[in-house]
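A.B. asks: Sharing entry08.cif (mmCIF, C-alpha atoms and all ligand atoms) below.
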data_query
#
loop_
_atom_site.label_atom_id
_atom_site.label_comp_id
_atom_site.auth_asym_id
_atom_site.auth_seq_id
_atom_site.Cartn_x
_atom_site.Cartn_y
_atom_site.Cartn_z
CA MET N 1 0.00 0.00 0.00
CA GLN N 2 1.28 3.41 -0.89
CA VAL N 3 1.59 5.80 2.05
CA ARG N 4 1.37 9.55 1.45
CA ALA N 5 3.85 10.63 4.10
CA ASN N 6 2.94 14.30 3.95
CA ALA N 7 -0.86 13.91 4.04
CA PRO N 8 -2.72 15.23 7.10
CA VAL N 9 -3.21 12.42 9.60
CA ARG N 10 -6.80 11.36 10.10
CA VAL N 11 -8.66 12.50 13.19
CA ALA N 12 -11.55 10.66 14.79
CA SER N 13 -14.97 11.64 13.45
CA ARG N 14 -16.29 12.19 17.00
CA ILE N 15 -14.28 15.41 17.16
CA SER N 16 -16.70 17.15 14.81
CA GLY N 17 -19.42 16.89 17.49
CA PHE N 18 -17.20 18.20 20.25
CA VAL N 19 -18.04 21.90 20.17
CA TYR N 20 -17.19 24.40 22.91
CA ALA N 21 -18.14 27.81 21.54
CA ILE N 22 -16.86 29.74 24.58
CA ARG N 23 -13.28 29.04 23.51
CA ASN N 24 -13.85 28.25 19.83
CA ILE N 25 -14.93 31.84 19.20
CA VAL N 26 -11.58 33.19 20.40
CA SER N 27 -10.04 32.49 16.98
CA GLU N 28 -12.39 35.16 15.56
CA ALA N 29 -11.29 37.59 18.27
CA ARG N 30 -7.62 36.97 17.43
CA LYS N 31 -8.29 38.00 13.82
CA VAL N 32 -9.87 41.23 15.04
CA GLU N 33 -6.84 41.86 17.28
CA ALA N 34 -4.47 41.13 14.39
CA ALA N 35 -6.29 43.86 12.44
CA GLY N 36 -5.35 46.29 15.23
CA ARG N 37 -8.51 46.52 17.34
CA ARG N 38 -8.50 45.96 21.13
CA VAL N 39 -10.79 43.09 22.10
CA ARG N 40 -12.74 43.09 25.36
CA TYR N 41 -13.18 39.42 26.24
CA LEU N 42 -16.62 38.86 27.77
CA ASN N 43 -16.68 35.24 26.62
CA ILE N 44 -15.16 33.36 29.52
CA GLY N 45 -16.23 33.12 33.15
CA ASP N 46 -12.82 33.61 34.75
CA PRO N 47 -12.87 36.14 37.62
CA ILE N 48 -9.06 36.25 37.81
CA ILE N 49 -8.57 37.94 34.45
CA PHE N 50 -10.87 40.73 35.67
CA GLY N 51 -8.80 41.43 38.79
CA PHE N 52 -10.56 39.31 41.43
CA GLN N 53 -8.01 37.51 43.59
CA THR N 54 -7.59 34.03 45.00
CA PRO N 55 -7.87 34.16 48.84
CA PRO N 56 -4.33 34.16 50.33
CA HIS N 57 -5.01 31.26 52.72
CA LEU N 58 -5.65 28.99 49.73
CA ILE N 59 -2.40 30.01 48.09
CA GLU N 60 -0.60 29.33 51.37
CA ALA N 61 -2.18 25.87 51.60
CA VAL N 62 -0.93 24.92 48.13
CA ASP N 63 2.48 26.47 48.77
CA ARG N 64 2.81 24.57 52.04
CA ALA N 65 1.72 21.30 50.42
CA ILE N 66 4.39 21.66 47.72
CA ARG N 67 7.11 22.60 50.23
CA ASP N 68 6.07 19.75 52.55
CA GLY N 69 6.73 17.37 49.69
CA HIS N 70 3.16 16.46 48.68
CA ASN N 71 4.28 16.27 45.09
CA GLY N 72 3.66 12.61 44.37
CA TYR N 73 0.49 11.10 42.98
CA ALA N 74 -2.48 11.56 45.28
CA PRO N 75 -5.00 8.71 45.77
CA SER N 76 -7.19 8.51 42.67
CA VAL N 77 -10.29 9.49 44.66
CA GLY N 78 -8.38 12.33 46.33
CA ILE N 79 -6.69 12.89 49.69
CA LEU N 80 -8.76 12.00 52.73
CA THR N 81 -8.77 15.48 54.31
CA ALA N 82 -10.19 17.00 51.10
CA ARG N 83 -12.86 14.30 50.87
CA GLU N 84 -13.74 14.83 54.52
CA ALA N 85 -14.03 18.57 53.91
CA VAL N 86 -16.33 17.98 50.91
CA ALA N 87 -18.48 15.53 52.91
CA ALA N 88 -18.77 18.11 55.73
CA GLU N 89 -19.73 20.75 53.15
CA CYS N 90 -22.37 18.42 51.68
CA ASP N 91 -23.66 17.94 55.21
CA ARG N 92 -23.90 21.73 55.71
CA ARG N 93 -25.74 21.92 52.37
CA GLN N 94 -28.19 19.28 53.68
CA MET N 95 -26.95 16.41 51.53
CA PRO N 96 -25.40 14.13 54.16
CA LEU N 97 -22.87 11.61 52.88
CA SER N 98 -19.60 10.01 53.94
CA PRO N 99 -16.15 10.90 52.56
CA ASP N 100 -16.01 7.57 50.70
CA ARG N 101 -18.76 8.87 48.39
CA VAL N 102 -16.58 11.83 47.33
CA VAL N 103 -14.15 11.91 44.40
CA ILE N 104 -11.74 14.83 44.00
CA THR N 105 -11.57 15.85 40.35
CA SER N 106 -9.73 18.20 38.01
CA GLY N 107 -12.45 20.81 38.22
CA THR N 108 -16.17 20.31 37.86
CA SER N 109 -15.38 19.57 34.23
CA GLU N 110 -13.68 16.26 34.98
CA GLY N 111 -16.52 15.29 37.31
CA ILE N 112 -19.02 15.87 34.49
CA GLU N 113 -16.94 13.77 32.12
CA LEU N 114 -16.49 10.93 34.64
CA ALA N 115 -20.20 10.84 35.49
CA LEU N 116 -21.44 10.90 31.90
CA THR N 117 -18.88 8.28 30.87
CA ALA N 118 -19.92 6.04 33.77
CA LEU N 119 -23.66 6.40 33.11
CA ALA N 120 -24.31 6.66 29.38
CA GLU N 121 -23.57 4.26 26.54
CA ALA N 122 -23.48 5.14 22.85
CA GLY N 123 -27.09 5.73 21.78
CA ASP N 124 -28.35 6.47 25.31
CA GLU N 125 -30.13 9.72 26.13
CA VAL N 126 -29.29 12.40 28.68
CA LEU N 127 -31.68 15.25 29.48
CA VAL N 128 -29.88 18.57 29.18
CA PRO N 129 -31.29 22.08 29.62
CA VAL N 130 -31.36 24.49 26.74
CA PRO N 131 -29.56 26.80 26.88
CA THR N 132 -26.87 24.66 28.48
CA TYR N 133 -23.29 24.85 29.62
CA PRO N 134 -21.75 23.36 26.47
CA LEU N 135 -19.43 20.80 28.06
CA TYR N 136 -22.44 18.50 28.54
CA THR N 137 -23.26 18.30 24.84
CA ALA N 138 -19.58 18.11 23.91
CA VAL N 139 -18.90 15.13 26.21
CA LEU N 140 -22.09 13.39 25.10
CA ALA N 141 -20.98 13.79 21.49
CA LYS N 142 -17.65 12.20 22.43
CA ILE N 143 -19.37 9.25 24.11
CA GLY N 144 -21.82 8.89 21.22
CA ALA N 145 -24.79 9.43 23.54
CA ARG N 146 -27.60 11.83 22.71
CA ALA N 147 -28.37 15.12 24.44
CA VAL N 148 -32.15 15.49 24.65
CA PHE N 149 -32.92 19.14 25.32
CA TYR N 150 -35.50 20.32 27.80
CA ARG N 151 -36.78 23.90 27.73
CA THR N 152 -35.98 26.59 30.23
CA ASP N 153 -38.21 29.59 29.75
CA PRO N 154 -36.96 33.21 29.56
CA ASP N 155 -40.55 34.40 30.06
CA ASN N 156 -40.60 32.53 33.37
CA GLY N 157 -37.22 33.59 34.83
CA TRP N 158 -35.42 30.91 32.79
CA LEU N 159 -36.95 28.15 34.93
CA PRO N 160 -36.99 24.59 33.60
CA ASP N 161 -40.24 23.36 32.06
CA VAL N 162 -40.85 20.41 34.36
CA GLU N 163 -43.71 18.99 32.25
CA HIS N 164 -41.47 19.08 29.21
CA ILE N 165 -38.83 17.11 31.11
CA ARG N 166 -41.38 14.47 32.09
CA SER N 167 -42.52 14.15 28.48
CA LEU N 168 -38.96 13.50 27.28
CA ILE N 169 -38.21 10.53 29.54
CA THR N 170 -37.82 7.23 27.66
CA PRO N 171 -36.34 3.82 28.56
CA ALA N 172 -33.04 5.14 27.11
CA THR N 173 -32.81 8.11 29.53
CA ARG N 174 -29.70 7.73 31.67
CA ALA N 175 -29.36 11.09 33.48
CA LEU N 176 -30.98 14.46 34.08
CA VAL N 177 -28.58 17.44 34.07
CA VAL N 178 -29.58 20.40 36.26
CA ILE N 179 -27.43 23.54 36.47
CA ASP N 180 -28.60 25.63 39.42
CA PRO N 181 -27.57 28.43 39.76
CA ASN N 182 -27.32 28.50 36.02
CA ASN N 183 -24.74 29.29 33.41
CA PRO N 184 -25.53 30.77 30.87
CA THR N 185 -28.75 32.37 32.19
CA GLY N 186 -27.77 33.50 35.71
CA ALA N 187 -31.03 31.99 37.06
CA THR N 188 -31.55 30.31 40.44
CA TYR N 189 -34.43 27.90 40.84
CA PRO N 190 -37.12 28.18 43.53
CA VAL N 191 -37.55 25.37 45.99
CA GLU N 192 -40.72 23.98 44.27
CA THR N 193 -38.88 23.63 40.96
CA ARG N 194 -35.91 21.96 42.62
CA ARG N 195 -38.22 19.59 44.47
CA ALA N 196 -40.03 18.67 41.23
CA LEU N 197 -36.71 17.94 39.51
CA VAL N 198 -35.44 15.67 42.30
CA GLU N 199 -38.80 13.90 42.42
CA ILE N 200 -38.51 13.12 38.72
CA ALA N 201 -35.05 11.65 39.31
CA ASP N 202 -36.30 9.74 42.33
CA THR N 203 -39.44 8.33 40.75
CA HIS N 204 -37.89 7.35 37.44
CA ASN N 205 -34.60 6.23 39.01
CA ILE N 206 -32.66 8.55 36.72
CA PRO N 207 -29.52 10.05 38.31
CA LEU N 208 -29.76 13.82 38.63
CA LEU N 209 -26.42 15.43 37.79
CA ALA N 210 -26.47 18.58 39.92
CA ASP N 211 -24.01 21.15 38.63
CA GLU N 212 -23.71 23.33 41.73
CA VAL N 213 -20.51 25.17 40.89
CA TYR N 214 -22.30 28.53 41.47
CA ALA N 215 -24.15 27.48 44.66
CA ASP N 216 -22.26 30.00 46.81
CA LEU N 217 -22.70 32.80 44.27
CA ALA N 218 -26.46 33.34 44.43
CA PHE N 219 -26.73 37.06 45.24
CA SER N 220 -28.97 36.36 48.22
CA GLY N 221 -26.46 33.88 49.71
CA PRO N 222 -25.43 30.23 49.33
CA VAL N 223 -28.18 27.83 48.26
CA PRO N 224 -28.61 24.33 49.75
CA ALA N 225 -27.89 21.22 47.68
CA ILE N 226 -30.65 20.38 45.24
CA ALA N 227 -30.75 16.96 46.92
CA ALA N 228 -31.46 18.57 50.33
CA GLY N 229 -34.22 16.64 52.04
CA PHE N 230 -34.10 13.75 49.55
CA ASP N 231 -31.63 11.37 51.19
CA ASP N 232 -32.61 8.42 49.02
CA ALA N 233 -32.74 10.21 45.63
CA PRO N 234 -30.09 9.32 43.01
CA VAL N 235 -28.06 12.54 42.79
CA ILE N 236 -24.46 13.43 42.01
CA THR N 237 -23.40 16.93 43.02
CA PHE N 238 -20.45 18.71 41.36
CA SER N 239 -18.47 21.77 42.34
CA SER N 240 -14.98 23.22 42.51
CA LEU N 241 -12.72 26.03 43.68
CA SER N 242 -12.99 27.69 40.26
CA LYS N 243 -15.76 30.20 40.84
CA ALA N 244 -16.70 30.78 44.50
CA TYR N 245 -13.07 30.34 45.64
CA LEU N 246 -11.51 32.23 42.74
CA ALA N 247 -9.00 29.59 41.63
CA PRO N 248 -10.13 28.35 38.20
CA GLY N 249 -6.64 27.55 36.94
CA TRP N 250 -5.95 25.12 39.74
CA ARG N 251 -8.43 22.60 38.37
CA ALA N 252 -9.49 21.62 41.89
CA GLY N 253 -12.99 20.19 42.05
CA TRP N 254 -15.10 17.42 43.48
CA MET N 255 -18.11 15.25 42.93
CA ALA N 256 -20.19 13.55 45.62
CA VAL N 257 -22.64 10.72 45.14
CA SER N 258 -25.82 10.62 47.24
CA SER N 259 -26.02 8.03 50.00
CA THR N 260 -28.63 5.77 48.43
CA PRO N 261 -27.52 2.18 47.68
CA ARG N 262 -29.09 2.74 44.24
CA MET N 263 -26.01 4.80 43.39
CA ASP N 264 -23.39 2.31 44.66
CA ASP N 265 -22.66 0.81 41.23
CA ALA N 266 -22.44 4.28 39.67
CA LEU N 267 -19.98 5.34 42.39
CA ALA N 268 -17.88 2.20 41.82
CA ALA N 269 -17.86 2.88 38.06
CA ILE N 270 -16.73 6.47 38.62
CA GLN N 271 -13.98 5.30 40.99
CA LYS N 272 -12.82 2.78 38.39
CA LEU N 273 -12.57 5.51 35.77
CA ALA N 274 -10.81 7.77 38.27
CA ASP N 275 -8.14 5.08 38.82
CA GLY N 276 -7.25 5.27 35.13
CA ARG N 277 -6.38 8.96 35.22
CA LEU N 278 -4.33 8.46 38.43
CA CYS N 279 -5.41 11.55 40.38
CA ALA N 280 -6.45 15.19 40.28
CA THR N 281 -3.77 17.85 40.85
CA GLY N 282 -2.21 16.76 44.17
CA PRO N 283 -1.06 19.99 45.92
CA MET N 284 -4.30 21.77 44.99
CA GLU N 285 -6.29 19.20 46.93
CA TYR N 286 -4.87 20.76 50.09
CA ALA N 287 -6.53 24.01 49.08
CA ILE N 288 -9.92 22.26 48.98
CA THR N 289 -9.47 21.41 52.64
CA ALA N 290 -8.37 24.99 53.43
CA ALA N 291 -11.25 26.49 51.42
CA LEU N 292 -14.11 24.44 52.78
CA ASN N 293 -12.89 24.45 56.39
CA GLY N 294 -11.66 28.05 56.39
CA ASP N 295 -12.62 31.70 56.14
CA ARG N 296 -15.15 32.53 53.38
CA SER N 297 -15.47 36.27 53.95
CA HIS N 298 -14.24 36.92 50.38
CA GLN N 299 -17.51 35.42 49.11
CA GLU N 300 -19.62 38.17 50.63
CA THR N 301 -17.56 40.86 48.89
CA PHE N 302 -17.62 38.89 45.65
CA ARG N 303 -21.41 38.40 45.74
CA ALA N 304 -21.95 42.13 46.37
CA ALA N 305 -19.67 43.00 43.43
CA LEU N 306 -21.57 40.56 41.21
CA ARG N 307 -24.97 41.85 42.25
CA ALA N 308 -23.95 45.44 41.41
CA ARG N 309 -22.71 44.35 37.98
CA ALA N 310 -25.86 42.28 37.37
CA ASP N 311 -28.07 45.28 38.20
CA LEU N 312 -26.05 47.52 35.90
CA THR N 313 -26.19 44.93 33.11
CA THR N 314 -29.96 44.45 33.41
CA ARG N 315 -30.67 48.18 33.51
CA ARG N 316 -28.40 49.10 30.60
CA LEU N 317 -29.33 46.24 28.28
CA ASN N 318 -33.08 46.55 28.85
CA ALA N 319 -32.78 50.22 27.89
CA ILE N 320 -31.57 49.29 24.39
CA ALA N 321 -34.35 49.25 21.79
CA GLY N 322 -34.72 45.72 20.38
CA MET N 323 -32.96 44.07 23.35
CA SER N 324 -34.24 42.43 26.51
CA VAL N 325 -32.63 40.49 29.34
CA VAL N 326 -33.89 38.55 32.34
CA ALA N 327 -32.24 39.90 35.51
CA PRO N 328 -29.63 37.37 36.73
CA THR N 329 -29.91 36.28 40.37
CA ALA N 330 -26.55 34.50 40.63
CA ALA N 331 -23.08 34.12 39.14
CA PHE N 332 -21.67 36.41 36.44
CA TYR N 333 -23.66 35.70 33.31
CA ALA N 334 -26.59 37.27 31.52
CA MET N 335 -28.38 35.95 28.45
CA PRO N 336 -29.86 38.91 26.55
CA LYS N 337 -32.01 38.55 23.46
CA VAL N 338 -31.82 40.80 20.44
CA ALA N 339 -34.85 40.97 18.15
CA LEU N 340 -33.06 39.81 15.01
CA PRO N 341 -34.29 40.82 11.58
CA PRO N 342 -35.51 37.87 9.46
CA GLY N 343 -32.65 35.80 8.02
CA LYS N 344 -30.10 36.88 10.62
CA THR N 345 -28.63 34.58 13.27
CA ASP N 346 -27.23 35.10 16.75
CA ALA N 347 -23.73 34.41 15.35
CA ASP N 348 -24.22 37.14 12.69
CA TYR N 349 -24.99 39.61 15.47
CA VAL N 350 -22.17 38.52 17.80
CA LEU N 351 -19.52 38.46 15.08
CA ALA N 352 -20.62 41.83 13.70
CA LEU N 353 -20.51 43.26 17.26
CA LEU N 354 -16.99 41.87 17.71
CA ARG N 355 -15.73 43.29 14.41
CA ALA N 356 -17.35 46.70 14.94
CA THR N 357 -16.58 47.25 18.63
CA GLY N 358 -14.07 44.62 19.82
CA VAL N 359 -16.64 43.33 22.36
CA LEU N 360 -16.57 39.52 22.43
CA CYS N 361 -19.67 37.66 23.65
CA VAL N 362 -20.81 34.13 22.82
CA TYR N 363 -23.83 33.46 20.57
CA GLY N 364 -26.75 31.60 22.17
CA SER N 365 -26.52 28.76 19.67
CA GLY N 366 -23.17 27.92 21.33
CA PHE N 367 -25.33 26.95 24.32
CA GLY N 368 -27.96 25.12 22.25
CA SER N 369 -30.41 28.00 21.65
CA ARG N 370 -31.94 28.39 18.19
CA PRO N 371 -29.77 30.72 16.07
CA GLU N 372 -32.79 32.78 14.95
CA ASP N 373 -33.87 33.44 18.54
CA GLY N 374 -31.13 36.03 18.93
CA PHE N 375 -29.75 35.10 22.36
CA PHE N 376 -26.17 35.78 23.37
CA ARG N 377 -24.25 35.46 26.62
CA ILE N 378 -22.39 38.23 28.39
CA VAL N 379 -19.88 37.66 31.19
CA PHE N 380 -20.21 40.75 33.40
CA LEU N 381 -17.06 40.42 35.53
CA ALA N 382 -15.41 43.60 34.19
CA SER N 383 -15.44 46.70 36.42
CA PRO N 384 -18.67 48.74 36.41
CA GLU N 385 -16.77 51.59 34.65
CA GLU N 386 -15.58 49.26 31.91
CA LEU N 387 -19.02 47.66 31.63
CA CYS N 388 -20.57 51.13 31.16
CA GLY N 389 -18.29 51.76 28.19
CA ILE N 390 -19.04 48.31 26.79
CA TYR N 391 -22.80 48.83 27.12
CA ASP N 392 -22.50 52.23 25.38
CA ASP N 393 -20.81 50.42 22.50
CA ILE N 394 -23.37 47.60 22.45
CA ALA N 395 -26.22 50.15 22.42
CA ALA N 396 -24.73 52.15 19.55
CA PHE N 397 -23.87 49.04 17.56
CA THR N 398 -27.27 47.36 18.08
CA GLY N 399 -29.15 50.45 16.93
CA GLU N 400 -27.00 50.51 13.79
CA PHE N 401 -27.32 46.72 13.22
CA LEU N 402 -31.10 46.72 13.50
CA ARG N 403 -31.51 49.88 11.36
CA SER N 404 -29.27 48.65 8.55
CA ALA N 405 -30.80 45.15 8.34
C1 LIG N 501 -22.12 25.37 34.78
C2 LIG N 501 -20.65 25.09 34.77
N1 LIG N 501 -20.23 23.85 35.04
C3 LIG N 501 -18.93 23.53 35.03
C4 LIG N 501 -17.96 24.47 34.74
C5 LIG N 501 -16.52 24.06 34.73
O1 LIG N 501 -15.94 24.48 35.91
P1 LIG N 501 -14.54 23.94 36.46
O2 LIG N 501 -13.57 25.05 36.29
O3 LIG N 501 -14.81 23.61 37.88
O4 LIG N 501 -14.18 22.74 35.66
C6 LIG N 501 -18.34 25.77 34.44
C7 LIG N 501 -17.34 26.78 34.06
O5 LIG N 501 -17.62 27.85 33.59
C8 LIG N 501 -19.72 26.08 34.46
O6 LIG N 501 -20.14 27.32 34.19
#
Mind converting the file's structure to structure tokens?
Ligand SMILES: Cc1ncc(COP(=O)(O)O)c(C=O)c1O
C.D. replies:
Amino acid sequence: MQVRANAPVRVASRISGFVYAIRNIVSEARKVEAAGRRVRYLNIGDPIIFGFQTPPHLIEAVDRAIRDGHNGYAPSVGILTAREAVAAECDRRQMPLSPDRVVITSGTSEGIELALTALAEAGDEVLVPVPTYPLYTAVLAKIGARAVFYRTDPDNGWLPDVEHIRSLITPATRALVVIDPNNPTGATYPVETRRALVEIADTHNIPLLADEVYADLAFSGPVPAIAAGFDDAPVITFSSLSKAYLAPGWRAGWMAVSSTPRMDDALAAIQKLADGRLCATGPMEYAITAALNGDRSHQETFRAALRARADLTTRRLNAIAGMSVVAPTAAFYAMPKVALPPGKTDADYVLALLRATGVLCVYGSGFGSRPEDGFFRIVFLASPEELCGIYDDIAAFTGEFLRSA
């Protein structure tokens, strides 16, 4: 057989389904920068690049761990003190469980990947909100499983449509993903909605994957675990130091599996997968212990800063003709909608905004919304002064865009 030595090597076809718009769109921003325009990156939810700082006692914990020689592989499920700290945190959040049901992961992201890989086969279905954090659909594409989208409604505070979820359950459903507080919408769910979601998981014996990475960043204060009060429901909760502890680059996260024996096989499967990747980042696990057992006063300041930015964002964007946004109640995201002219897509709007103003947002279709619906996501971590300038630019551009269409 003749080999063409200089031909591009073949990549696996599954890669085409692995789409993560939040970073994929950066290549467009680089082109705009290369043409000489400053880009303001509102695409990625990283508080550090906007000047927020990791609490010093966490840095000290990692520094000490490295100097004390904790530089070998950690246990694949994580060091015991970190797992104990996570179990105690779950207890405080009213989801009691023992440290042996905790796995320390490289961020929430690895927890999501481990759980979906353990639960879903090729062809299986997983219920995912739309709009969604895009890692869920990307990982499902990699596994060959199918994301089945359930509606969350902007006219009802972006709450999940519980009846729609019920109607989508089939014998192939393997998990229900719930992101509360939510990225990309900034919504938090009321207790009745949360209860209805856990009851669905409980009744149908479908594990609820509770992405609770923003649980401490609801503006009104930390929210309990979605599994609170449902000790026997099949739930896996995920979180990390990335957002509420301001250390996204450390890749320090955890997952915890609810105490019901129904989840024992799932836990064993996750532990088996965790063995294969050896461990999460060892020294950073010491920061999990320091974070969850230590001073959290930075969170109050952070929540107040986020609330002020959310208010500013809501007020300024709702004042733009042709634009509307649901007021976020948590985290640092808003999902405005622009009334697109016929034939235009959310990506047309976002890319034109980028090229005209240097403001980089992510189009709603990157989170599963319909392109013609005109949603896009803003990360509002920049300073209020900078956000004011950005919203001036968005207002001027949007007026122009809608007039010229
Ligand atoms: C809803 C949601 N889940 C998971 C993640 C990933 O977080 P981590 O840095 O802990 O992997 C993010 C990051 O933005 C997120 O918004």
A.B. asks: Could you list, as a count of residues only, all the residues within 9 Å of ligand LIG 501 (chain N), counting all atoms listed in the file?
C.D. replies: 41
A.B. asks: Please determine, counting only C-alpha atoms, which residue among N:Pro131, N:Gly282, N:Gly294, N:Pro207 has the shortest atom-to-atom distance to Ile104 in chain N.
C.D. replies: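 For Ile104 in chain N, the nearest of the given residues is N:Gly282.
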A.B. asks: Just checking: using all atoms listed in the file, which residue out of N:Asn24, N:Thr289, N:Ser258, N:Ser220 ends up closest to Thr188 in chain N?
C.D. replies: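 Ranked by minimum distance to Thr188 in chain N, first place goes to N:Ser220.
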A.B. asks: Excluding range 341-355 of chain N and residues on its chain fewer than 3 positions from it, collect all residues at most 6 Å away from it, counting all atoms listed in the file, and give them as a tab-separated table (two decimals) with C-alpha atoms, in the coordinates of the input.
C.D. replies:
chain	number	residue	atom	x	y	z
N	358	GLY	CA	-14.07	44.62	19.82
N	359	VAL	CA	-16.64	43.33	22.36
N	360	LEU	CA	-16.57	39.52	22.43
N	363	TYR	CA	-23.83	33.46	20.57
N	371	PRO	CA	-29.77	30.72	16.07
N	372	GLU	CA	-32.79	32.78	14.95
N	374	GLY	CA	-31.13	36.03	18.93
A.B. asks: Figure out the distance between CA of Thr237 in chain N and CA of Val128 in chain N, please, to one decimal in Å.
C.D. replies: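 Interatomic distance here is 15.4 Å.
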A.B. asks: To one decimal place, how far is CA of Ala395 in chain N from CA of Arg37 in chain N in Å?
C.D. replies: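 Atom-to-atom, CA of Ala395 in chain N and CA of Arg37 in chain N are spaced 18.8 Å apart.
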A.B. asks: Determine, counting all atoms listed in the file, which protein, DNA and RNA residues have an atom within 10 Å of an atom of range 195-199 of chain N; residues of the same chain fewer than 4 positions away are not included. Present the result as a list in words.
C.D. replies: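 Using all atoms listed in the file, the neighbours found are Pro160, Asp161, Val162, Glu163, Ile165, Arg166, Leu176, Val177, Val178, Tyr189, Pro190, Val191, Thr203, His204, Asn205, Ile206, Pro207, Leu208, Ala210, Ile226, Ala227, Ala228, Gly229, Phe230, Ala233, Pro234 and Val235 of chain N.
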A.B. asks: As an exercise, work out the distance from CA of Leu42 in chain N to CA of Asp153 in chain N in Å and give it to one decimal place.
C.D. replies: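 Interatomic distance, CA of Leu42 in chain N to CA of Asp153 in chain N: 23.6 Å.
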A.B. asks: Is there a way to get, as an MDAnalysis selection string, all residues within 9 Å of the point (-14.3, 10.2, 48.9) in file coordinates, counting all atoms listed in the file?
C.D. replies: chainID N and resid 77:80 82:84 86:87 98:104 255:256
A.B. asks: Would you be able to write out as a VMD selection string which residues have an atom within 10 Å of (3.5, 22.0, 47.5) in the file's coordinates, counting all atoms listed in the file?
C.D. replies: chain N and resid 59 to 72 282 to 284 286
A.B. asks: I need the residue nearest His57 in chain N from this list: N:Asp295, N:Asp155, N:Asp216, N:Glu192. Use all atoms listed in the file for the distance.
C.D. replies: N:Asp295
A.B. asks: Excluding Thr357 in chain N and its own-chain neighbours fewer than 4 positions away, which residues fall within 8 Å of it when counting only C-alpha atoms? Please give them as a JSON list (two decimals) with C-alpha atoms, in the coordinates of the input.
C.D. replies:
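For reference, around-v6.json as written:
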[["chain", "number", "residue", "atom", "x", "y", "z"],
["N", 39, "VAL", "CA", -10.79, 43.09, 22.10],
["N", 353, "LEU", "CA", -20.51, 43.26, 17.26],
["N", 393, "ASP", "CA", -20.81, 50.42, 22.50],
["N", 394, "ILE", "CA", -23.37, 47.60, 22.45],
["N", 397, "PHE", "CA", -23.87, 49.04, 17.56]]
A.B. asks: Neighbouring residues of Gln53 in chain N were defined as those with any atom within 10 Å, considering only C-alpha atoms; residues of the same chain fewer than 3 positions away were excluded. Please report them as a list of chain:residue names.
C.D. replies: N:Pro47, N:Ile48, N:Ile49, N:Phe50, N:Pro56, N:Tyr245, N:Leu246, N:Ala247, N:His298, N:Phe302
A.B. asks: So that I have them on file, write out the residues from the current selection with C-alpha atoms, as a tab-separated table (two decimals), keeping the file's coordinate frame.
C.D. replies:
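The file below, part09.tsv, is the result:
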chain	number	residue	atom	x	y	z
N	47	PRO	CA	-12.87	36.14	37.62
N	48	ILE	CA	-9.06	36.25	37.81
N	49	ILE	CA	-8.57	37.94	34.45
N	50	PHE	CA	-10.87	40.73	35.67
N	56	PRO	CA	-4.33	34.16	50.33
N	245	TYR	CA	-13.07	30.34	45.64
N	246	LEU	CA	-11.51	32.23	42.74
N	247	ALA	CA	-9.00	29.59	41.63
N	298	HIS	CA	-14.24	36.92	50.38
N	302	PHE	CA	-17.62	38.89	45.65
A.B. asks: Restricting the calculation to all atoms listed in the file: of N:Thr398, N:Thr54, N:Ser369, N:Thr301, which residue gets closest to Gly221 in chain N?
C.D. replies: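 Using all atoms listed in the file, Gly221 in chain N sits closest to N:Thr301.
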